[in-house]
Amino acid sequence: MNEMANIEQAIEMTESKISANKVQVYYGDTHAIKDVDIEIQPRSVTSFIGPSGCGKSTFLRTINRMNDTIDICRVEGSIRIDGEDIYDPKVDPVQLRAKVGMVFQKPNPFPKSIYDNIAYGPRIHGLARNKAELDDIVSSSLQKAGLWEEVKNRLDEPGTGMSGGQQQRLCIARAIAVSPEVILMDEPCSALDPIATAKVEELIDELRENFTIVIVTHSMQQAARVSQRTAFFHLGILVEEGSTQDIFTNPKDKRTQDYITGRFG
Amino acid sequence: MTDTTISPKVAEMPANLPFKSKSLYEVDDLTRKRNAAERRFKAYGVAAVCIGLFFLVVLAYTIISEGIPAFSRTIVEVEFSLTQEQFDEAEGQLFKTKAYEQIFIGALQGQLQESGVSVPFDATTIERIVGKPGNTIRTYFKANQDKLGDAVGFELAASSRVDGYMNGRVTRENMTDSRFLQKTDLDLVDILVDAGVIKTVFNWNFITGADSGVDNPGAAGIGASVVGSFFMMLVVLFLSLPIGVATSIYLEEFAPQNRITDLIEVNISNLAAVPSIVFGILGLAVFIQFMHLPQSAPIVGGLVLTLMTLPTIIISTRASLKAVPPSIRDAALGIGASKMQAIFHHVLPLAMPGILTGTIIGLAQALGETAPLLLIGMVGFVARGYPEGLIAGFTDPNSAMPAQIYTWAARADFAFYEKAWGGIVVLLIFLLSMNILAIILRRRFERRW
Amino acid sequence: MSLFWLILIVLAIAVVGYVLGRARAMSSAGGERSALHSLPSYYGANVAMKAAVPAFLFLIVWLLAQPFYVNSEISAMIPDSAISEGSSRGLVLAEVRRAARGLDNAVASDAITEDFARNARADFNDITARLKEAGQIVTSDITQPVLRAAQRYRVLTAAGNLYMTIAVILVAIVGALWALRETNAQFRARNTVEKGVQAILIAAASIAILTTIGIVLSLVFNTIEFFKLYPAADFFFGVTWSPSFSGRGGSSELGIIPLLWGTFYISFVALAVAVPVGLFAAIYLSEYAGPRVRAVAKPLLEILAGIPTIVYGLFALLTVGPLLLSAFGDNGFGIMKAGTAVMTAGLVMGIMLIPFVSSLSDDIINAVPQAMRDGSYGLGATKSETVKKVILPAALPGIVGAILLAASRAIGETMIVVLGAGAAARLSLNPFEAMTTVTAKIVSQLTGDADFASPVALVAFALGMTLFVVTLGLNIVALYIVRKYREQYD
């Protein structure tokens with residue numbers, strides 16, 4: 001490698017939003033994630049692909065310490081966001097999760113009104129000083145999620161009464177409302193029909209402007225459509241990571257090639 | 001992190017984000033407050049669990065410490081011989097039992113001197129400690145004249161106050177002098193205890209005896225009402241198990257989805273929550289008033305408790321029938337068994353451990369039930385003796401353990417309270433063994449499909 | 001114990017029928033099992049079923065019907081003039097039955113001869129005294145009409161029992177013979193037996209309904225009887241409860257208001273203890289506690305639910321009552337006069353209800369999907385915020401249902417209040433005063449020596465009716481709410 005390339009790499013290192021170093025995750029006696037090193041670029045979409053059970057969701061959940069809620073789960077190694085180790089004892093996971101939002105596989109709106117669903121995060125984090133500010137946050141979040149026009153006249157109706165695609169966009173709006181820097185999405189479209197999926201994908205593409213997005217997906221087409229970078233996981237190991245185009249057209253590893261050509265998975 | 005990466009984003013964000021640019025390493029005030037609230041909330045939870053467990057411990061401690069004395073009794077053990085001459089002389093006197101009492105006192109004094117203590121005491125003191133020993137002795141020797149001249153050991157029951165002193169219920173501080181016991185008597189009691197004359201022995205009579213009169217707490221025993229409870233449980237077992245299983249099989253396997261089935265189901269869940277005393281009223285009105293079944297009989301108690309236990313058994317039986325996977329039914333039907341055969345040959349045996357576990361728990365519930373029994377006349381004082389035979393066990397007036405405990409608790413003489421606690425110990429031992437049996441059954445036969 | 005023998009005889013006929021039916025089927029098929037439509041045992045079972053089931057049904061119907069017939073017969077023998085002032089036909093009939101039983105027992109213990117029992121005349125023979133001598137309980141002097149009715153009662157009952165025995169055995173034999181006659185190789189025995197079994201299953205399932213009907217009827221009839229003797233308005237709106245057992249309860253004041261007040265006050269105290277403790281325990285065990293803590297604490301708490309209420313009653317009377325008295329009695333705050341009080345009973349009942357509230361709430365909290373929690377944690381909520389703002393609002397209907405069920409339990413609880421709350425009916429706000437409840441009064445009115453047909457005893461049924469209606473209402477609402485709540489997350 002020549003010197004120029006080294007400098008480029010160094011710049012890339014400093015610019016990455018999330019950098020994971022030798023991450024190990026154990027569930028009780030099971031070694032679920034082995035030695036994962038990855039750099040995730042700011043204001044871009046990175047997708048994690050791999051066969052089910054490969055650890056991609058588990059790894060995603062370590063990024064905002066959602067695994068803390070599982071008693072038997074243990075994480076080793078370091079994950080840095082903006083250079084700060086999120087597993088440092090000084091870090092409060094509550095504050096971390098405000099910075100790193102999450103959208104789940106199944107849309108999970110709270111059994112409250114649409115307004116209260118969006119306002120939930122800002123309220124608990126004390127982001128609004130008064131009702132007017134809260135209204136602003138709610139409307140701007142819904143606008144950013146492209147849901148405003150559909151729901152502006154029924155903000156007091158329960159969020160559980162919407163269609164699946166709307167519910168998922170509501171959940172994205174809910175995540176945006178606390179102004180995170182990173183949004184983690186765990187198979188956000190797996191419970192949606194193709195039309196709703198297209199809308200969510202469109203939304204993800206727009207959100208890339210302002211947020212760092214990491215998306216876990218079981219659909220390679222989706223990864224190709226929405227992400228700039230792709231990481232392939234297999235049996236708890238990060239097999240290969242690179243620009244989406246490279247991964248899909250010119251994989252370096254045999255296992256990646258087998259997976260994207262449909263030999264297994 | 002460099003300024004160039006963060007600044008454009010900050011510009012886009014709403015201005016009201018207090019910690020946006022802050023480091024994760026610094027915990028802000030709001031988060032600190034929220035975490036304090038979190039700790040408080042968790043502490044409430046811990047406190048609630050601890051309060052529950054604290055009550056359990058207090059309850060267990062009370063039951064054991066108050067109940068144990070019921071299992072011991074205090075006796076006065078004196079050994080002495082009576083010659084033919086002494087016997088004839090005593091029989092010749094006007095106050096015969098008084099004469100025997102004098103002989104008893106003499107023998108007791110002799111026994112004390114042998115062990116090196118000499119204290120004077122008079123007949124009235126002795127009467128306050130052991131009642132009237134003369135009568136017991138006279139009755140014995142009159143019946144066994146051949147024993148005259150031999151050394152005979154007598155075990156005389158100490159009075160209930162002395163009994164109370166021995167197990168700590170009565171102390172020098174809390175007692176007042178009365179014709180039942182005086183403080184000075186306790187000195188003699190202490191001496192007799194040291195000399196080995198007064199002893200505490202296991203109270204078999206409490207286990208095997210029947211209820212005594214209101215003025216004789218010492219003789220009260222729980223045995224007769226244990227028998228009453230046993231016969232009731234037989235009735236409950238042999239009625240509620242088949243009826244409960246039949247009902248569950250019908251509802252789970254045969255019942256069509258219609259209004260009547262719905263009605264039965266709603267009915268059963270409501271019956272499970274009807275206060276037990278209402279079942280007592282039902283028993284009184286239907287079984288006694290209407291059908292003229294005998295009052296206070298274990299069979300009536302058993303019938304009432306059966307109706308009360310049925311919902312519990314039905315609910316648990318249905319759950320265990322539901323737990324048998326449909327593949328088993330399909331397999332049996334597939335080889336040409338009728339539906340009835342599939343259920344009775346395959347599903348029911350597989351569900352049996354669960355059904356039995358539910359039945360035992362239902363029986364345990366029924367065993368501890370009191371209120372309905374009081375209404376049908378199974379109060380404690382009815383349990384004056386053992387039934388004379390198997391059928392009499394079902395039809396003769398008797399009581400049950402919890403009703404007997406209630407009767408003792410409601411009596412004025414506080415010596416009965418000790419019996420009530422003791423009765424609770426016995427009752428809980430039964431309940432505990434039943435529950436352990438249920439747990440063993442569940443552990444041993446539980447199947448995961 | 002002729003009934004016992006009768007049952008044995010019918011069972012014996014059934015067993016014999018089984019053996020015969022099986023043999024007959026085999027012989028009709030010429031010993032070839034494969035020539036039979038069903039297994040041989042089904043033919044036997046068919047005969048046994050047709051012998052025993054109709055016979056037992058007949059027996060039950062007879063046993064229920066006979067007292068009616070006998071009662072109407074002897075009722076006709078009692079002229080209106082024999083019913084004294086302040087009494088009723090029902091009371092006289094009860095007296096007749098008592099006299100008849102007295103005669104039976106006196107004959108059985110050889111105190112009088114059968115002949116004397118049949119033919120004695122109350123105006124010539126001193127029958128009351130002789131029965132009393134024989135150790136029988138006779139409430140009043142037996143008059144001639146009563147004695148004649150009692151004698152008639154004995155004759156009718158004895159004859160009835162004889163006819164019943166003959167008829168039941170006949171039914172069993174006819175049933176068995178009929179089933180034997182239809183037994184041949186082509187007979188579809190299995191289908192017939194299975195239909196019979198299904199009918200038995202349905203009969204078993206209807207016992208639940210019969211129980212409810214029995215409860216309602218026994219409450220309704222006796223309550224109506226009570227309202228004939230005591231005005232309903234005075235019962236429901238009376239603020240004094242002072243039954244007078246003397247003089248047939250004529251001067252009693254039987255207002256339910258103080259009893260309801262005591263009931264609700266004690267239940268309120270109990271819920272005030274049980275709901276916060278139970279709910280927080282449930283939240284802690286389901287949201288915070290590790291699996292090991294849960295595995296230990298949950299069953300331990302549930303032990304409290306398995307302890308019989310008589311134990312709690314004794315605990316209230318002998319431990320908690322004296323304890324409270326020493327703190328709030330004359331040596332303490334001076335607002336408590338005796339160990340038995342609303343506070344004593346309420347506190348102990350609260351302890352009893354803790355596991356009830358906590359295990360119901362635990363189920364309900366666990367029914368809230370994990371996705372709700374994830375959604376909240378993912379937004380950076382703490383556990384307590386998640387519980388307070390997401391889980392509890394979602395679980396609220398279920399928890400309300402659980403609390404209503406607990407309230408119904410508290411209202412219907414008997415032994416704790418009988419022993420712990422006191423006996424005085426009182427309308428007072430002081431929780432350290434003794435008060436009494438509906439259930440406690442049901443027990444005291446029906447276990448006393450009061451005559452069964454007097455208002456002081458009958459009032460217990462009106463109290464029971466009130467209790468039943470209130471608890472049933474609570475249960476129906478609670479079960480409906482809980483069921484709706486479950487469906488929401490299923």
# chains A, B, ... in the order shown; residues from 1 in each chain; ligands from 1
>>> residues_around(residues="Ile166 of chain C", least_positions_apart="4", cutoff="12 Å", atoms="only C-alpha atoms", output="NGL selection string")
:C and (2-3 or 6 or 9-10 or 55 or 58-59 or 62 or 159-162 or 170-173)
>>> write_last_selection(atoms="C-alpha atoms", output="mmCIF file, in the first residue's frame")
data_model
loop_
_atom_site.group_PDB
_atom_site.id
_atom_site.type_symbol
_atom_site.label_atom_id
_atom_site.label_comp_id
_atom_site.auth_asym_id
_atom_site.auth_seq_id
_atom_site.Cartn_x
_atom_site.Cartn_y
_atom_site.Cartn_z
ATOM 1 C CA SER C 2 -81.334 -48.504 53.197
ATOM 2 C CA LEU C 3 -80.369 -45.952 50.559
ATOM 3 C CA LEU C 6 -80.295 -49.756 47.387
ATOM 4 C CA ILE C 9 -78.157 -53.474 44.679
ATOM 5 C CA VAL C 10 -78.544 -51.353 41.552
ATOM 6 C CA ALA C 55 -82.551 -46.391 37.936
ATOM 7 C CA PHE C 58 -85.485 -42.374 38.949
ATOM 8 C CA LEU C 59 -84.054 -42.595 42.469
ATOM 9 C CA TRP C 62 -88.164 -39.838 43.766
ATOM 10 C CA ALA C 159 -94.233 -46.466 52.872
ATOM 11 C CA GLY C 160 -92.558 -44.103 50.410
ATOM 12 C CA ASN C 161 -89.172 -45.587 51.128
ATOM 13 C CA LEU C 162 -90.493 -49.095 50.617
ATOM 14 C CA LEU C 170 -87.695 -52.798 39.022
ATOM 15 C CA VAL C 171 -86.467 -49.985 36.789
ATOM 16 C CA ALA C 172 -82.941 -51.379 36.927
ATOM 17 C CA ILE C 173 -84.059 -54.914 36.041
#
>>> residues_around(residues="Gln111 of chain B", least_positions_apart="2", cutoff="9 Å", atoms="only C-alpha atoms", output="number ranges by chain")
B: 78-80, 106-109, 113-116, 195, 197
>>> select_by_dssp(residues="segment 54-199 of chain A", states="helix (DSSP H, G or I)", output="VMD selection string")
chain A and resid 56 to 63 66 to 69 93 to 99 114 to 124 131 to 144 148 to 151 159 to 161 164 to 176 194 to 199
>>> atom_distance(atom1="atom CA of Met185 of chain A", atom2="atom CA of Glu209 of chain A")
16.2 Å
>>> interface_residues(of="chain C", to="chain A", cutoff="7 Å", atoms="only C-alpha atoms", output="short mmCIF file (atom, residue, chain, number, x, y, z; two decimals) with N, CA and C atoms, in the first residue's frame")
data_model
loop_
_atom_site.label_atom_id
_atom_site.label_comp_id
_atom_site.auth_asym_id
_atom_site.auth_seq_id
_atom_site.Cartn_x
_atom_site.Cartn_y
_atom_site.Cartn_z
N ALA C 371 -42.50 -5.75 22.27
CA ALA C 371 -42.24 -4.70 21.29
C ALA C 371 -42.52 -3.31 21.87
N MET C 372 -43.53 -3.21 22.75
CA MET C 372 -43.83 -1.92 23.38
C MET C 372 -42.64 -1.46 24.22
N GLY C 375 -39.74 -0.46 21.99
CA GLY C 375 -39.97 0.83 21.37
C GLY C 375 -39.63 1.96 22.34
N GLY C 378 -35.83 2.00 23.11
CA GLY C 378 -35.13 2.46 21.93
C GLY C 378 -35.15 3.98 21.81
N LEU C 379 -36.14 4.59 22.43
CA LEU C 379 -36.20 6.06 22.40
C LEU C 379 -35.45 6.65 23.58
N GLY C 380 -34.85 5.80 24.39
CA GLY C 380 -34.07 6.31 25.51
C GLY C 380 -34.86 6.50 26.78
N ALA C 381 -35.99 5.78 26.92
CA ALA C 381 -36.74 5.88 28.17
C ALA C 381 -36.11 4.98 29.21
N THR C 382 -36.19 5.37 30.48
CA THR C 382 -35.73 4.48 31.54
C THR C 382 -36.82 3.44 31.78
N VAL C 390 -45.87 3.68 29.36
CA VAL C 390 -46.27 2.79 28.27
C VAL C 390 -46.98 1.54 28.81
N ALA C 394 -51.09 0.80 28.96
CA ALA C 394 -51.56 -0.28 28.09
C ALA C 394 -52.25 -1.36 28.90
#
>>> residues_around(residues="Ile405 of chain B", least_positions_apart="2", cutoff="9 Å", atoms="only C-alpha atoms", output="list in words")
Ile222, Gly380, Ala400, Met401, Pro402, Ala403, Thr407, Trp408, Ala409, Ala410, Tyr417, Lys419, Ala420, Trp421, Gly422, Gly423 and Ile424 of chain B; Ile310, Val311 and Leu314 of chain C
>>> write_last_selection(atoms="N, CA and C atoms", output="PDB file, in the first residue's frame")
ATOM      1  N   ILE B 222     -57.622 -32.521  68.222  1.00  0.00           N
ATOM      2  CA  ILE B 222     -58.113 -32.220  66.890  1.00  0.00           C
ATOM      3  C   ILE B 222     -58.450 -33.488  66.100  1.00  0.00           C
ATOM      4  N   GLY B 380     -67.199 -26.651  65.638  1.00  0.00           N
ATOM      5  CA  GLY B 380     -66.236 -27.477  66.355  1.00  0.00           C
ATOM      6  C   GLY B 380     -66.821 -28.331  67.451  1.00  0.00           C
ATOM      7  N   ALA B 400     -64.851 -30.178  61.105  1.00  0.00           N
ATOM      8  CA  ALA B 400     -63.692 -30.271  60.226  1.00  0.00           C
ATOM      9  C   ALA B 400     -62.601 -29.419  60.839  1.00  0.00           C
ATOM     10  N   MET B 401     -61.370 -29.653  60.409  1.00  0.00           N
ATOM     11  CA  MET B 401     -60.247 -28.956  61.051  1.00  0.00           C
ATOM     12  C   MET B 401     -60.439 -27.440  61.148  1.00  0.00           C
ATOM     13  N   PRO B 402     -60.692 -26.752  60.018  1.00  0.00           N
ATOM     14  CA  PRO B 402     -60.789 -25.288  60.134  1.00  0.00           C
ATOM     15  C   PRO B 402     -61.957 -24.842  61.004  1.00  0.00           C
ATOM     16  N   ALA B 403     -63.076 -25.584  60.967  1.00  0.00           N
ATOM     17  CA  ALA B 403     -64.218 -25.201  61.796  1.00  0.00           C
ATOM     18  C   ALA B 403     -63.900 -25.418  63.271  1.00  0.00           C
ATOM     19  N   THR B 407     -63.919 -22.660  66.231  1.00  0.00           N
ATOM     20  CA  THR B 407     -64.625 -22.809  67.504  1.00  0.00           C
ATOM     21  C   THR B 407     -63.703 -22.518  68.680  1.00  0.00           C
ATOM     22  N   TRP B 408     -62.496 -23.040  68.602  1.00  0.00           N
ATOM     23  CA  TRP B 408     -61.544 -22.776  69.694  1.00  0.00           C
ATOM     24  C   TRP B 408     -61.209 -21.298  69.782  1.00  0.00           C
ATOM     25  N   ALA B 409     -61.025 -20.674  68.611  1.00  0.00           N
ATOM     26  CA  ALA B 409     -60.644 -19.258  68.609  1.00  0.00           C
ATOM     27  C   ALA B 409     -61.760 -18.396  69.182  1.00  0.00           C
ATOM     28  N   ALA B 410     -63.010 -18.874  69.047  1.00  0.00           N
ATOM     29  CA  ALA B 410     -64.148 -18.065  69.488  1.00  0.00           C
ATOM     30  C   ALA B 410     -64.459 -18.272  70.964  1.00  0.00           C
ATOM     31  N   TYR B 417     -56.804 -20.715  72.754  1.00  0.00           N
ATOM     32  CA  TYR B 417     -56.090 -20.085  71.629  1.00  0.00           C
ATOM     33  C   TYR B 417     -54.893 -20.918  71.205  1.00  0.00           C
ATOM     34  N   LYS B 419     -54.621 -24.052  71.512  1.00  0.00           N
ATOM     35  CA  LYS B 419     -55.114 -25.199  70.750  1.00  0.00           C
ATOM     36  C   LYS B 419     -55.401 -24.780  69.305  1.00  0.00           C
ATOM     37  N   ALA B 420     -55.968 -23.570  69.145  1.00  0.00           N
ATOM     38  CA  ALA B 420     -56.288 -23.103  67.799  1.00  0.00           C
ATOM     39  C   ALA B 420     -55.016 -22.989  66.965  1.00  0.00           C
ATOM     40  N   TRP B 421     -53.976 -22.397  67.543  1.00  0.00           N
ATOM     41  CA  TRP B 421     -52.713 -22.299  66.802  1.00  0.00           C
ATOM     42  C   TRP B 421     -52.167 -23.681  66.484  1.00  0.00           C
ATOM     43  N   GLY B 422     -52.263 -24.575  67.482  1.00  0.00           N
ATOM     44  CA  GLY B 422     -51.798 -25.941  67.252  1.00  0.00           C
ATOM     45  C   GLY B 422     -52.574 -26.593  66.118  1.00  0.00           C
ATOM     46  N   GLY B 423     -53.893 -26.352  66.120  1.00  0.00           N
ATOM     47  CA  GLY B 423     -54.725 -26.888  65.041  1.00  0.00           C
ATOM     48  C   GLY B 423     -54.277 -26.359  63.692  1.00  0.00           C
ATOM     49  N   ILE B 424     -53.888 -25.087  63.672  1.00  0.00           N
ATOM     50  CA  ILE B 424     -53.421 -24.504  62.409  1.00  0.00           C
ATOM     51  C   ILE B 424     -52.146 -25.189  61.943  1.00  0.00           C
TER      52      ILE B 424
ATOM     53  N   ILE C 310     -59.002 -19.010  57.659  1.00  0.00           N
ATOM     54  CA  ILE C 310     -59.133 -19.147  59.107  1.00  0.00           C
ATOM     55  C   ILE C 310     -57.810 -18.792  59.789  1.00  0.00           C
ATOM     56  N   VAL C 311     -56.685 -19.104  59.105  1.00  0.00           N
ATOM     57  CA  VAL C 311     -55.375 -18.765  59.667  1.00  0.00           C
ATOM     58  C   VAL C 311     -55.230 -17.247  59.753  1.00  0.00           C
ATOM     59  N   LEU C 314     -57.327 -15.935  62.632  1.00  0.00           N
ATOM     60  CA  LEU C 314     -56.686 -16.110  63.929  1.00  0.00           C
ATOM     61  C   LEU C 314     -55.540 -15.115  64.090  1.00  0.00           C
TER      62      LEU C 314
END
>>> interface_residues(of="chain B", to="chain C", cutoff="6 Å", atoms="only C-alpha atoms", output="PyMOL selection string")
chain B and resi 38+45+48-49+243+246-247+250+275+282+285+368
>>> residues_around(residues="Ala415 of chain B", least_positions_apart="3", cutoff="9 Å", atoms="only C-alpha atoms", output="PyMOL selection string")
chain B and resi 160-161+164+169+217-218+412+418-419
>>> write_last_selection(atoms="N, CA and C atoms", output="JSON list (two decimals), in the first residue's frame")
[["chain", "number", "residue", "atom", "x", "y", "z"],
["B", 160, "SER", "N", -54.28, -26.34, 83.92],
["B", 160, "SER", "CA", -53.97, -25.60, 82.70],
["B", 160, "SER", "C", -53.10, -24.38, 83.00],
["B", 161, "ARG", "N", -53.22, -23.81, 84.23],
["B", 161, "ARG", "CA", -52.37, -22.66, 84.56],
["B", 161, "ARG", "C", -50.91, -23.07, 84.67],
["B", 164, "GLY", "N", -49.64, -23.54, 81.38],
["B", 164, "GLY", "CA", -49.33, -22.24, 80.80],
["B", 164, "GLY", "C", -48.01, -21.69, 81.32],
["B", 169, "ARG", "N", -46.84, -19.09, 78.69],
["B", 169, "ARG", "CA", -48.05, -18.28, 78.54],
["B", 169, "ARG", "C", -48.34, -17.51, 79.84],
["B", 217, "PRO", "N", -59.88, -26.96, 78.48],
["B", 217, "PRO", "CA", -59.03, -26.82, 77.29],
["B", 217, "PRO", "C", -57.94, -27.89, 77.22],
["B", 218, "GLY", "N", -57.50, -28.37, 78.39],
["B", 218, "GLY", "CA", -56.39, -29.32, 78.38],
["B", 218, "GLY", "C", -56.70, -30.59, 77.61],
["B", 412, "ALA", "N", -63.98, -18.27, 75.11],
["B", 412, "ALA", "CA", -63.51, -17.20, 76.00],
["B", 412, "ALA", "C", -62.18, -17.56, 76.67],
["B", 418, "GLU", "N", -54.22, -21.43, 72.27],
["B", 418, "GLU", "CA", -53.05, -22.27, 72.01],
["B", 418, "GLU", "C", -53.45, -23.49, 71.18],
["B", 419, "LYS", "N", -54.62, -24.05, 71.51],
["B", 419, "LYS", "CA", -55.11, -25.20, 70.75],
["B", 419, "LYS", "C", -55.40, -24.78, 69.31]]
>>> closest_residue(among="A:Gln166, A:Thr30, A:Ser19, A:Ser243", to="chain B", atoms="only C-alpha atoms")
A:Ser19
>>> select_by_dssp(residues="segment 80-120 of chain A", states="strand (DSSP E)", output="list in words")
Arg80, Ile81, Glu84, Asp85, Val100, Gly101, Met102 and Val103 of chain A
>>> write_last_selection(atoms="C-alpha atoms", output="PDB file, in the first residue's frame")
ATOM      1  CA  ARG A  80     -17.090   4.392  19.597  1.00  0.00           C
ATOM      2  CA  ILE A  81     -19.537   6.996  18.429  1.00  0.00           C
ATOM      3  CA  GLU A  84     -16.512   8.127  22.587  1.00  0.00           C
ATOM      4  CA  ASP A  85     -16.726   4.564  23.849  1.00  0.00           C
ATOM      5  CA  VAL A 100     -28.837   6.614  18.616  1.00  0.00           C
ATOM      6  CA  GLY A 101     -32.498   5.946  17.795  1.00  0.00           C
ATOM      7  CA  MET A 102     -33.968   2.631  16.763  1.00  0.00           C
ATOM      8  CA  VAL A 103     -36.766   1.368  14.529  1.00  0.00           C
TER       9      VAL A 103
END
>>> interface_residues(of="chain A", to="chain B", cutoff="6 Å", atoms="only C-alpha atoms", output="PyMOL selection string")
chain A and resi 82+90-91
>>> atom_distance(atom1="atom CA of Ala332 of chain B", atom2="atom CA of Leu348 of chain B")
12.5 Å
>>> residues_around(residues="Ala29 of chain C", least_positions_apart="5", cutoff="12 Å", atoms="only C-alpha atoms", output="list of chain:residue names")
C:Arg22, C:Ala23, C:Arg24, C:Ser34, C:Ala35, C:Leu36, C:His37, C:Ser38, C:Leu39, C:Pro40, C:Thr183, C:Asn184, C:Ala185, C:Gln186, C:Phe187
>>> write_last_selection(atoms="N, CA and C atoms", output="PDB file, in the first residue's frame")
ATOM      1  N   ARG C  22     -72.327 -59.239  27.685  1.00  0.00           N
ATOM      2  CA  ARG C  22     -71.118 -59.625  26.971  1.00  0.00           C
ATOM      3  C   ARG C  22     -71.249 -61.074  26.476  1.00  0.00           C
ATOM      4  N   ALA C  23     -71.721 -61.925  27.388  1.00  0.00           N
ATOM      5  CA  ALA C  23     -71.848 -63.346  27.036  1.00  0.00           C
ATOM      6  C   ALA C  23     -72.860 -63.526  25.904  1.00  0.00           C
ATOM      7  N   ARG C  24     -73.976 -62.792  26.003  1.00  0.00           N
ATOM      8  CA  ARG C  24     -75.022 -62.944  25.007  1.00  0.00           C
ATOM      9  C   ARG C  24     -74.526 -62.515  23.631  1.00  0.00           C
ATOM     10  N   SER C  34     -64.950 -61.259  15.575  1.00  0.00           N
ATOM     11  CA  SER C  34     -64.956 -60.412  14.387  1.00  0.00           C
ATOM     12  C   SER C  34     -66.347 -60.304  13.773  1.00  0.00           C
ATOM     13  N   ALA C  35     -67.254 -61.206  14.192  1.00  0.00           N
ATOM     14  CA  ALA C  35     -68.607 -61.118  13.642  1.00  0.00           C
ATOM     15  C   ALA C  35     -69.434 -60.034  14.333  1.00  0.00           C
ATOM     16  N   LEU C  36     -68.916 -59.510  15.456  1.00  0.00           N
ATOM     17  CA  LEU C  36     -69.660 -58.497  16.193  1.00  0.00           C
ATOM     18  C   LEU C  36     -69.420 -57.122  15.584  1.00  0.00           C
ATOM     19  N   HIS C  37     -70.426 -56.253  15.721  1.00  0.00           N
ATOM     20  CA  HIS C  37     -70.252 -54.876  15.241  1.00  0.00           C
ATOM     21  C   HIS C  37     -69.241 -54.135  16.115  1.00  0.00           C
ATOM     22  N   SER C  38     -69.351 -54.330  17.433  1.00  0.00           N
ATOM     23  CA  SER C  38     -68.468 -53.613  18.350  1.00  0.00           C
ATOM     24  C   SER C  38     -67.714 -54.629  19.196  1.00  0.00           C
ATOM     25  N   LEU C  39     -66.767 -54.116  19.992  1.00  0.00           N
ATOM     26  CA  LEU C  39     -66.057 -54.994  20.913  1.00  0.00           C
ATOM     27  C   LEU C  39     -67.059 -55.562  21.918  1.00  0.00           C
ATOM     28  N   PRO C  40     -66.826 -56.797  22.407  1.00  0.00           N
ATOM     29  CA  PRO C  40     -67.796 -57.404  23.331  1.00  0.00           C
ATOM     30  C   PRO C  40     -68.042 -56.564  24.574  1.00  0.00           C
ATOM     31  N   THR C 183     -79.537 -57.036  22.360  1.00  0.00           N
ATOM     32  CA  THR C 183     -78.160 -57.442  22.095  1.00  0.00           C
ATOM     33  C   THR C 183     -78.112 -58.560  21.057  1.00  0.00           C
ATOM     34  N   ASN C 184     -77.530 -58.259  19.902  1.00  0.00           N
ATOM     35  CA  ASN C 184     -77.214 -59.318  18.943  1.00  0.00           C
ATOM     36  C   ASN C 184     -76.016 -58.847  18.144  1.00  0.00           C
ATOM     37  N   ALA C 185     -75.528 -59.651  17.268  1.00  0.00           N
ATOM     38  CA  ALA C 185     -74.251 -59.363  16.598  1.00  0.00           C
ATOM     39  C   ALA C 185     -74.316 -58.075  15.783  1.00  0.00           C
ATOM     40  N   GLN C 186     -75.514 -57.745  15.257  1.00  0.00           N
ATOM     41  CA  GLN C 186     -75.600 -56.558  14.402  1.00  0.00           C
ATOM     42  C   GLN C 186     -75.796 -55.266  15.197  1.00  0.00           C
ATOM     43  N   PHE C 187     -76.140 -55.409  16.481  1.00  0.00           N
ATOM     44  CA  PHE C 187     -76.467 -54.232  17.280  1.00  0.00           C
ATOM     45  C   PHE C 187     -75.239 -53.318  17.405  1.00  0.00           C
TER      46      PHE C 187
END
>>> residues_around(residues="segment 287-291 of chain B", least_positions_apart="3", cutoff="7 Å", atoms="only C-alpha atoms", output="PyMOL selection string")
(chain B and resi 283-284+294-295+300) or (chain C and resi 64)
>>> residues_around(residues="Ser433 of chain B", least_positions_apart="5", cutoff="12 Å", atoms="only C-alpha atoms", output="list in words")
Ile360, Ile361, Leu363, Ala364, Val426, Leu427, Leu428, Ala438, Ile439 and Ile440 of chain B
>>> atom_distance(atom1="atom CA of Gly168 of chain B", atom2="atom CA of Arg128 of chain B")
17.9 Å
